[in-house]
>>> print(open('data_18.cif').read())   # mmCIF, C-alpha atoms, pLDDT in the B column; chains and numbers go by the auth columns
data_my_file
#
loop_
_atom_site.group_PDB
_atom_site.id
_atom_site.type_symbol
_atom_site.label_atom_id
_atom_site.label_comp_id
_atom_site.label_asym_id
_atom_site.label_seq_id
_atom_site.Cartn_x
_atom_site.Cartn_y
_atom_site.Cartn_z
_atom_site.B_iso_or_equiv
_atom_site.auth_seq_id
_atom_site.auth_asym_id
ATOM 1 C CA MET A 1 0.560 -2.341 21.655 75.00 147 A
ATOM 2 C CA ASN A 2 0.333 -6.125 21.656 85.00 148 A
ATOM 3 C CA ILE A 3 4.081 -6.784 21.938 90.00 149 A
ATOM 4 C CA ASP A 4 6.195 -6.059 25.003 92.00 150 A
ATOM 5 C CA VAL A 5 8.945 -3.648 24.014 91.00 151 A
ATOM 6 C CA PRO A 6 11.792 -3.097 26.479 94.00 152 A
ATOM 7 C CA GLU A 7 11.997 0.346 28.063 93.00 153 A
ATOM 8 C CA GLY A 8 13.928 2.775 25.891 92.00 154 A
ATOM 9 C CA LYS A 9 13.665 0.700 22.705 92.00 155 A
ATOM 10 C CA ASP A 10 12.037 1.971 19.524 87.00 156 A
ATOM 11 C CA ALA A 11 9.066 -0.354 18.950 88.00 157 A
ATOM 12 C CA ILE A 12 9.473 -0.608 15.177 85.00 158 A
ATOM 13 C CA GLU A 13 13.228 -1.193 15.284 87.00 159 A
ATOM 14 C CA TYR A 14 12.816 -3.733 18.076 91.00 160 A
ATOM 15 C CA VAL A 15 10.026 -5.759 16.463 91.00 161 A
ATOM 16 C CA TRP A 16 11.234 -5.512 12.853 88.00 162 A
ATOM 17 C CA GLY A 17 14.941 -5.816 13.607 89.00 163 A
ATOM 18 C CA GLU A 18 15.822 -7.355 16.938 93.00 164 A
ATOM 19 C CA MET A 19 12.995 -9.827 17.502 94.00 165 A
ATOM 20 C CA VAL A 20 13.292 -11.590 14.153 93.00 166 A
ATOM 21 C CA PRO A 21 16.685 -10.605 12.731 93.00 167 A
ATOM 22 C CA GLY A 22 16.522 -13.187 9.948 94.00 168 A
ATOM 23 C CA ILE A 23 13.165 -11.892 8.652 94.00 169 A
ATOM 24 C CA GLY A 24 12.540 -8.331 9.832 92.00 170 A
ATOM 25 C CA PRO A 25 15.390 -6.567 8.022 91.00 171 A
ATOM 26 C CA ALA A 26 14.546 -8.399 4.781 93.00 172 A
ATOM 27 C CA ALA A 27 10.915 -7.325 5.170 92.00 173 A
ATOM 28 C CA ALA A 28 12.080 -3.758 5.781 89.00 174 A
ATOM 29 C CA HIS A 29 14.097 -3.861 2.557 91.00 175 A
ATOM 30 C CA LEU A 30 11.011 -4.988 0.620 92.00 176 A
ATOM 31 C CA SER A 31 8.914 -2.305 2.284 89.00 177 A
ATOM 32 C CA LEU A 32 11.395 0.383 1.256 90.00 178 A
ATOM 33 C CA ALA A 33 11.955 -1.057 -2.243 93.00 179 A
ATOM 34 C CA VAL A 34 8.373 -0.461 -3.319 93.00 180 A
ATOM 35 C CA TYR A 35 8.917 3.262 -2.699 91.00 181 A
ATOM 36 C CA ALA A 36 12.480 3.517 -3.984 92.00 182 A
ATOM 37 C CA HIS A 37 12.146 1.491 -7.170 95.00 183 A
ATOM 38 C CA THR A 38 8.587 1.901 -8.385 95.00 184 A
ATOM 39 C CA THR A 39 7.974 2.946 -11.963 96.00 185 A
ATOM 40 C CA LEU A 40 4.255 3.533 -11.349 97.00 186 A
ATOM 41 C CA GLY A 41 2.791 7.013 -11.494 96.00 187 A
ATOM 42 C CA LEU A 42 2.265 8.729 -8.148 96.00 188 A
ATOM 43 C CA ARG A 43 -1.536 8.834 -8.412 97.00 189 A
ATOM 44 C CA GLU A 44 -2.043 5.138 -9.169 97.00 190 A
ATOM 45 C CA PHE A 45 0.628 4.198 -6.612 97.00 191 A
ATOM 46 C CA GLU A 46 -1.094 6.253 -3.918 96.00 192 A
ATOM 47 C CA ALA A 47 -4.594 5.094 -4.909 97.00 193 A
ATOM 48 C CA ALA A 48 -3.599 1.467 -4.371 98.00 194 A
ATOM 49 C CA ARG A 49 -1.562 2.205 -1.239 95.00 195 A
ATOM 50 C CA LEU A 50 -4.287 4.265 0.398 95.00 196 A
ATOM 51 C CA ARG A 51 -7.003 1.729 -0.452 97.00 197 A
ATOM 52 C CA ILE A 52 -4.963 -0.954 1.325 96.00 198 A
ATOM 53 C CA ALA A 53 -4.394 1.428 4.258 92.00 199 A
ATOM 54 C CA GLN A 54 -8.154 1.999 4.476 93.00 200 A
ATOM 55 C CA ILE A 55 -8.852 -1.744 4.415 94.00 201 A
ATOM 56 C CA ASN A 56 -6.077 -2.539 6.926 90.00 202 A
ATOM 57 C CA GLY A 57 -6.980 0.346 9.216 86.00 203 A
ATOM 58 C CA CYS A 58 -3.288 1.146 9.660 81.00 204 A
ATOM 59 C CA VAL A 59 -3.147 4.564 11.362 79.00 205 A
ATOM 60 C CA PHE A 60 0.312 5.428 10.061 78.00 206 A
ATOM 61 C CA CYS A 61 -0.428 4.328 6.495 80.00 207 A
ATOM 62 C CA LEU A 62 -3.653 6.348 6.439 81.00 208 A
ATOM 63 C CA ASP A 63 -1.726 9.475 7.454 82.00 209 A
ATOM 64 C CA TRP A 64 1.297 8.904 5.205 81.00 210 A
ATOM 65 C CA ARG A 65 1.504 10.512 1.735 86.00 211 A
ATOM 66 C CA THR A 66 4.218 9.402 -0.638 88.00 212 A
ATOM 67 C CA GLU A 67 6.291 12.287 -1.934 87.00 213 A
ATOM 68 C CA ARG A 68 8.159 12.265 -5.227 89.00 214 A
ATOM 69 C CA ASP A 69 10.270 15.149 -6.424 89.00 215 A
ATOM 70 C CA GLY A 70 8.473 17.436 -3.982 91.00 216 A
ATOM 71 C CA GLN A 71 5.035 16.351 -5.220 93.00 217 A
ATOM 72 C CA LYS A 72 2.261 14.690 -3.197 93.00 218 A
ATOM 73 C CA VAL A 73 -1.345 13.912 -4.031 94.00 219 A
ATOM 74 C CA GLU A 74 -3.871 16.572 -3.067 92.00 220 A
ATOM 75 C CA ASP A 75 -5.418 16.618 0.421 86.00 221 A
ATOM 76 C CA GLU A 76 -8.780 15.325 -0.880 92.00 222 A
ATOM 77 C CA PHE A 77 -7.180 12.305 -2.557 95.00 223 A
ATOM 78 C CA ALA A 78 -7.873 9.884 0.320 93.00 224 A
ATOM 79 C CA ASP A 79 -11.583 10.738 0.175 94.00 225 A
ATOM 80 C CA ALA A 80 -11.548 10.081 -3.575 96.00 226 A
ATOM 81 C CA VAL A 81 -9.905 6.700 -2.929 97.00 227 A
ATOM 82 C CA THR A 82 -12.772 5.796 -0.605 95.00 228 A
ATOM 83 C CA GLU A 83 -15.173 6.680 -3.441 97.00 229 A
ATOM 84 C CA TRP A 84 -13.056 5.156 -6.214 97.00 230 A
ATOM 85 C CA ARG A 85 -16.106 3.738 -8.023 96.00 231 A
ATOM 86 C CA THR A 86 -17.795 7.116 -8.520 97.00 232 A
ATOM 87 C CA THR A 87 -15.204 9.859 -8.067 96.00 233 A
ATOM 88 C CA GLY A 88 -14.555 12.189 -10.948 96.00 234 A
ATOM 89 C CA ALA A 89 -11.033 12.813 -9.627 95.00 235 A
ATOM 90 C CA PHE A 90 -9.507 9.651 -11.134 97.00 236 A
ATOM 91 C CA ASP A 91 -8.482 8.601 -14.604 97.00 237 A
ATOM 92 C CA ASP A 92 -8.902 4.951 -15.636 97.00 238 A
ATOM 93 C CA ARG A 93 -5.463 3.855 -14.393 98.00 239 A
ATOM 94 C CA THR A 94 -5.939 5.430 -10.966 98.00 240 A
ATOM 95 C CA ARG A 95 -9.440 3.991 -10.581 98.00 241 A
ATOM 96 C CA LEU A 96 -8.178 0.547 -11.608 98.00 242 A
ATOM 97 C CA ALA A 97 -5.319 0.754 -9.107 98.00 243 A
ATOM 98 C CA ALA A 98 -7.781 1.411 -6.272 98.00 244 A
ATOM 99 C CA GLU A 99 -10.114 -1.324 -7.516 98.00 245 A
ATOM 100 C CA TYR A 100 -7.262 -3.813 -7.859 98.00 246 A
ATOM 101 C CA ALA A 101 -6.018 -3.057 -4.351 98.00 247 A
ATOM 102 C CA GLU A 102 -9.483 -3.583 -2.901 98.00 248 A
ATOM 103 C CA ARG A 103 -10.153 -6.780 -4.796 98.00 249 A
ATOM 104 C CA TYR A 104 -6.634 -8.103 -4.105 98.00 250 A
ATOM 105 C CA ALA A 105 -7.236 -7.619 -0.375 97.00 251 A
ATOM 106 C CA LEU A 106 -10.890 -8.664 -0.133 97.00 252 A
ATOM 107 C CA ASP A 107 -11.783 -10.850 -3.125 96.00 253 A
ATOM 108 C CA HIS A 108 -8.684 -12.080 -4.925 96.00 254 A
ATOM 109 C CA HIS A 109 -10.592 -15.168 -6.116 96.00 255 A
ATOM 110 C CA GLY A 110 -13.048 -12.840 -7.865 96.00 256 A
ATOM 111 C CA LEU A 111 -10.473 -11.295 -10.210 97.00 257 A
ATOM 112 C CA ASP A 112 -12.186 -12.493 -13.359 97.00 258 A
ATOM 113 C CA ASP A 113 -11.477 -12.227 -17.094 97.00 259 A
ATOM 114 C CA GLU A 114 -13.484 -9.005 -17.372 98.00 260 A
ATOM 115 C CA PHE A 115 -11.290 -7.374 -14.719 98.00 261 A
ATOM 116 C CA TRP A 116 -8.066 -8.611 -16.346 98.00 262 A
ATOM 117 C CA ASP A 117 -9.234 -7.351 -19.736 98.00 263 A
ATOM 118 C CA ARG A 118 -9.598 -3.870 -18.215 98.00 264 A
ATOM 119 C CA MET A 119 -6.266 -4.100 -16.383 98.00 265 A
ATOM 120 C CA THR A 120 -4.318 -5.203 -19.454 98.00 266 A
ATOM 121 C CA ALA A 121 -5.933 -2.431 -21.494 98.00 267 A
ATOM 122 C CA HIS A 122 -4.390 0.159 -19.148 98.00 268 A
ATOM 123 C CA TYR A 123 -1.320 -1.498 -17.599 98.00 269 A
ATOM 124 C CA THR A 124 1.586 -3.429 -19.061 98.00 270 A
ATOM 125 C CA GLN A 125 2.397 -6.847 -17.634 98.00 271 A
ATOM 126 C CA LEU A 126 5.455 -5.360 -15.932 97.00 272 A
ATOM 127 C CA GLU A 127 3.275 -2.690 -14.292 98.00 273 A
ATOM 128 C CA ILE A 128 0.736 -5.305 -13.179 98.00 274 A
ATOM 129 C CA VAL A 129 3.463 -7.386 -11.528 98.00 275 A
ATOM 130 C CA GLU A 130 4.958 -4.296 -9.892 97.00 276 A
ATOM 131 C CA LEU A 131 1.570 -3.100 -8.630 98.00 277 A
ATOM 132 C CA SER A 132 0.831 -6.612 -7.336 98.00 278 A
ATOM 133 C CA MET A 133 4.084 -6.679 -5.377 96.00 279 A
ATOM 134 C CA CYS A 134 3.455 -3.214 -3.955 96.00 280 A
ATOM 135 C CA ILE A 135 -0.074 -4.150 -2.889 97.00 281 A
ATOM 136 C CA GLY A 136 1.161 -7.398 -1.350 97.00 282 A
ATOM 137 C CA SER A 137 3.793 -5.510 0.635 95.00 283 A
ATOM 138 C CA TRP A 138 1.323 -2.917 1.932 93.00 284 A
ATOM 139 C CA LEU A 139 -1.289 -5.538 2.747 94.00 285 A
ATOM 140 C CA ALA A 140 1.148 -7.706 4.696 93.00 286 A
ATOM 141 C CA PHE A 141 3.115 -5.058 6.543 90.00 287 A
ATOM 142 C CA GLY A 142 0.202 -2.701 7.209 87.00 288 A
ATOM 143 C CA ARG A 143 -1.729 -5.573 8.745 88.00 289 A
ATOM 144 C CA LEU A 144 1.296 -6.768 10.671 89.00 290 A
ATOM 145 C CA ASN A 145 1.808 -3.325 12.215 87.00 291 A
ATOM 146 C CA HIS A 146 -1.899 -2.865 12.921 85.00 292 A
ATOM 147 C CA VAL A 147 -2.381 -6.332 14.439 89.00 293 A
ATOM 148 C CA LEU A 148 0.673 -5.953 16.675 91.00 294 A
ATOM 149 C CA GLY A 149 -0.404 -2.447 17.674 87.00 295 A
ATOM 150 C CA LEU A 150 2.617 -0.775 16.112 86.00 296 A
ATOM 151 C CA ASP A 151 0.750 1.390 13.617 76.00 297 A
ATOM 152 C CA THR A 152 0.421 4.396 15.925 73.00 298 A
ATOM 153 C CA MET A 153 4.217 4.602 16.304 63.00 299 A
ATOM 154 C CA CYS A 154 5.189 3.420 12.851 58.00 300 A
ATOM 155 C CA MET A 155 7.621 4.940 10.373 55.00 301 A
ATOM 156 C CA LEU A 156 9.044 3.552 7.182 52.00 302 A
ATOM 157 C CA PRO A 157 11.556 0.933 8.315 47.00 303 A
ATOM 158 C CA LYS A 158 15.256 1.545 7.828 47.00 304 A
ATOM 159 C CA PRO A 159 17.131 -1.032 5.748 44.00 305 A
#
>>> encode(input="data_18.cif", output="structure tokens")
Amino acid sequence: MNIDVPEGKDAIEYVWGEMVPGIGPAAAHLSLAVYAHTTLGLREFEAARLRIAQINGCVFCLDWRTERDGQKVEDEFADAVTEWRTTGAFDDRTRLAAEYAERYALDHHGLDDEFWDRMTAHYTQLEIVELSMCIGSWLAFGRLNHVLGLDTMCMLPKP
């Protein structure tokens, strides 16, 4: 860990809550909101989330699987996300979610008209904005936890 956490303190609660009380709890609310209020399907949600986790290298995020109504993606899903270009396991929306996450994180200046034509053929504008906010949240907070060395002791923050 790259932050000194006092003995007996939970690292996540200390860093996200006590160290920066004007920012951390608000960030935690955003982090939780993308799970609690998403309208995206589980497969496209998880494809984007896992692609960001793979890019960030966040240990917790790589292990985490979002559950909705007792459903999770299959065990092989993370491998399919790695191979999003060629996997037969994804429909167009799921493949686009993984592609968007990767390009958002690594080449956001390269999101050209051809890409947006494909996105708008499969996603509404509302869904694109929602997916963009989710990806931004995962990119920022996954990197924050990884960079600070918190990702091996991470859990979803409490509001």
>>> closest_atom_pairs(input="data_18.cif", of="region 233-271 of chain A", to="region 219-226 of chain A", cutoff="9 Å", atoms="all atoms listed in the file", output="CSV")
residue,atom,partner,partner_atom,distance
A:Thr233,CA,A:Ala226,CA,5.8
A:Gly234,CA,A:Ala226,CA,8.2
A:Ala235,CA,A:Ala226,CA,6.7
A:Phe236,CA,A:Ala226,CA,7.8
>>> closest_residue(input="data_18.cif", among="A:Val151, A:Ile201, A:Val166, A:Leu242", to="Ala267 (chain A)", atoms="all atoms listed in the file")
A:Leu242
>>> resolve_selection(input="data_18.cif", expression="the PyMOL selection byres ((chain A and resi 197) around 7)", output="list in words")
Ala193, Ala194, Arg195, Leu196, Ile198, Ala199, Gln200, Ile201, Val227, Ala244, Ala247 and Glu248 of chain A
>>> atom_distance(input="data_18.cif", atom1="CA of Asp263 (chain A)", atom2="CA of Tyr250 (chain A)")
15.9 Å
>>> residues_near_point(input="data_18.cif", point="(9.5, 4.7, -0.8)", cutoff="12 Å", atoms="only C-alpha atoms", output="MDAnalysis selection string")
chainID A and resid 174:186 188 191:192 195 210:215 280 283:284 301:305
>>> write_last_selection(input="data_18.cif", atoms="C-alpha atoms", output="tab-separated table (two decimals), in the coordinates of the input")
chain	number	residue	atom	x	y	z
A	174	ALA	CA	12.08	-3.76	5.78
A	175	HIS	CA	14.10	-3.86	2.56
A	176	LEU	CA	11.01	-4.99	0.62
A	177	SER	CA	8.91	-2.31	2.28
A	178	LEU	CA	11.40	0.38	1.26
A	179	ALA	CA	11.96	-1.06	-2.24
A	180	VAL	CA	8.37	-0.46	-3.32
A	181	TYR	CA	8.92	3.26	-2.70
A	182	ALA	CA	12.48	3.52	-3.98
A	183	HIS	CA	12.15	1.49	-7.17
A	184	THR	CA	8.59	1.90	-8.38
A	185	THR	CA	7.97	2.95	-11.96
A	186	LEU	CA	4.26	3.53	-11.35
A	188	LEU	CA	2.26	8.73	-8.15
A	191	PHE	CA	0.63	4.20	-6.61
A	192	GLU	CA	-1.09	6.25	-3.92
A	195	ARG	CA	-1.56	2.20	-1.24
A	210	TRP	CA	1.30	8.90	5.20
A	211	ARG	CA	1.50	10.51	1.74
A	212	THR	CA	4.22	9.40	-0.64
A	213	GLU	CA	6.29	12.29	-1.93
A	214	ARG	CA	8.16	12.26	-5.23
A	215	ASP	CA	10.27	15.15	-6.42
A	280	CYS	CA	3.46	-3.21	-3.96
A	283	SER	CA	3.79	-5.51	0.64
A	284	TRP	CA	1.32	-2.92	1.93
A	301	MET	CA	7.62	4.94	10.37
A	302	LEU	CA	9.04	3.55	7.18
A	303	PRO	CA	11.56	0.93	8.32
A	304	LYS	CA	15.26	1.54	7.83
A	305	PRO	CA	17.13	-1.03	5.75
>>> resolve_selection(input="data_18.cif", expression="the PyMOL selection byres ((chain A and resi 149) around 9)", output="list in words")
Met147, Asn148, Asp150, Val151, Ala157, Val161, Leu294, Gly295 and Leu296 of chain A
>>> closest_residue(input="data_18.cif", among="A:Glu273, A:Gly288, A:Arg249, A:Phe261", to="Phe206 (chain A)", atoms="all atoms listed in the file")
A:Gly288
>>> closest_residue(input="data_18.cif", among="A:Glu190, A:Asp297, A:Glu159, A:Asp209", to="His268 (chain A)", atoms="all atoms listed in the file")
A:Glu190
>>> atom_distance(input="data_18.cif", atom1="CA of Glu245 (chain A)", atom2="CA of Arg264 (chain A)")
11.0 Å
>>> closest_residue(input="data_18.cif", among="A:Gly203, A:Gly256, A:Gly163, A:Pro171", to="Asn291 (chain A)", atoms="only C-alpha atoms")
A:Gly203
>>> build_atoms(input="data_18.cif", residues="region 277-289 of chain A", atoms="N, CA and C atoms", output="PDB file, in the coordinates of the input")
ATOM      1  N   LEU A 277       2.693  -3.518  -9.471  1.00 98.00           N
ATOM      2  CA  LEU A 277       1.570  -3.100  -8.630  1.00 98.00           C
ATOM      3  C   LEU A 277       1.161  -4.226  -7.685  1.00 98.00           C
ATOM      4  N   SER A 278       1.173  -5.458  -8.169  1.00 98.00           N
ATOM      5  CA  SER A 278       0.831  -6.612  -7.336  1.00 98.00           C
ATOM      6  C   SER A 278       1.803  -6.766  -6.173  1.00 98.00           C
ATOM      7  N   MET A 279       3.090  -6.578  -6.441  1.00 96.00           N
ATOM      8  CA  MET A 279       4.084  -6.679  -5.377  1.00 96.00           C
ATOM      9  C   MET A 279       3.938  -5.551  -4.370  1.00 96.00           C
ATOM     10  N   CYS A 280       3.674  -4.351  -4.858  1.00 96.00           N
ATOM     11  CA  CYS A 280       3.455  -3.214  -3.955  1.00 96.00           C
ATOM     12  C   CYS A 280       2.252  -3.484  -3.058  1.00 96.00           C
ATOM     13  N   ILE A 281       1.146  -3.883  -3.657  1.00 97.00           N
ATOM     14  CA  ILE A 281      -0.074  -4.150  -2.889  1.00 97.00           C
ATOM     15  C   ILE A 281       0.170  -5.254  -1.867  1.00 97.00           C
ATOM     16  N   GLY A 282       0.855  -6.314  -2.281  1.00 97.00           N
ATOM     17  CA  GLY A 282       1.161  -7.398  -1.350  1.00 97.00           C
ATOM     18  C   GLY A 282       1.983  -6.922  -0.170  1.00 97.00           C
ATOM     19  N   SER A 283       2.953  -6.069  -0.432  1.00 95.00           N
ATOM     20  CA  SER A 283       3.793  -5.510   0.635  1.00 95.00           C
ATOM     21  C   SER A 283       2.950  -4.687   1.599  1.00 95.00           C
ATOM     22  N   TRP A 284       2.140  -3.776   1.064  1.00 93.00           N
ATOM     23  CA  TRP A 284       1.323  -2.917   1.932  1.00 93.00           C
ATOM     24  C   TRP A 284       0.305  -3.724   2.714  1.00 93.00           C
ATOM     25  N   LEU A 285      -0.291  -4.705   2.078  1.00 94.00           N
ATOM     26  CA  LEU A 285      -1.289  -5.538   2.747  1.00 94.00           C
ATOM     27  C   LEU A 285      -0.650  -6.281   3.919  1.00 94.00           C
ATOM     28  N   ALA A 286       0.480  -6.924   3.656  1.00 93.00           N
ATOM     29  CA  ALA A 286       1.148  -7.706   4.696  1.00 93.00           C
ATOM     30  C   ALA A 286       1.674  -6.833   5.825  1.00 93.00           C
ATOM     31  N   PHE A 287       2.432  -5.822   5.496  1.00 90.00           N
ATOM     32  CA  PHE A 287       3.115  -5.058   6.543  1.00 90.00           C
ATOM     33  C   PHE A 287       2.178  -4.086   7.251  1.00 90.00           C
ATOM     34  N   GLY A 288       1.199  -3.548   6.548  1.00 87.00           N
ATOM     35  CA  GLY A 288       0.202  -2.701   7.209  1.00 87.00           C
ATOM     36  C   GLY A 288      -0.611  -3.499   8.207  1.00 87.00           C
ATOM     37  N   ARG A 289      -0.983  -4.711   7.814  1.00 88.00           N
ATOM     38  CA  ARG A 289      -1.729  -5.573   8.745  1.00 88.00           C
ATOM     39  C   ARG A 289      -0.851  -6.008   9.898  1.00 88.00           C
TER      40      ARG A 289
END
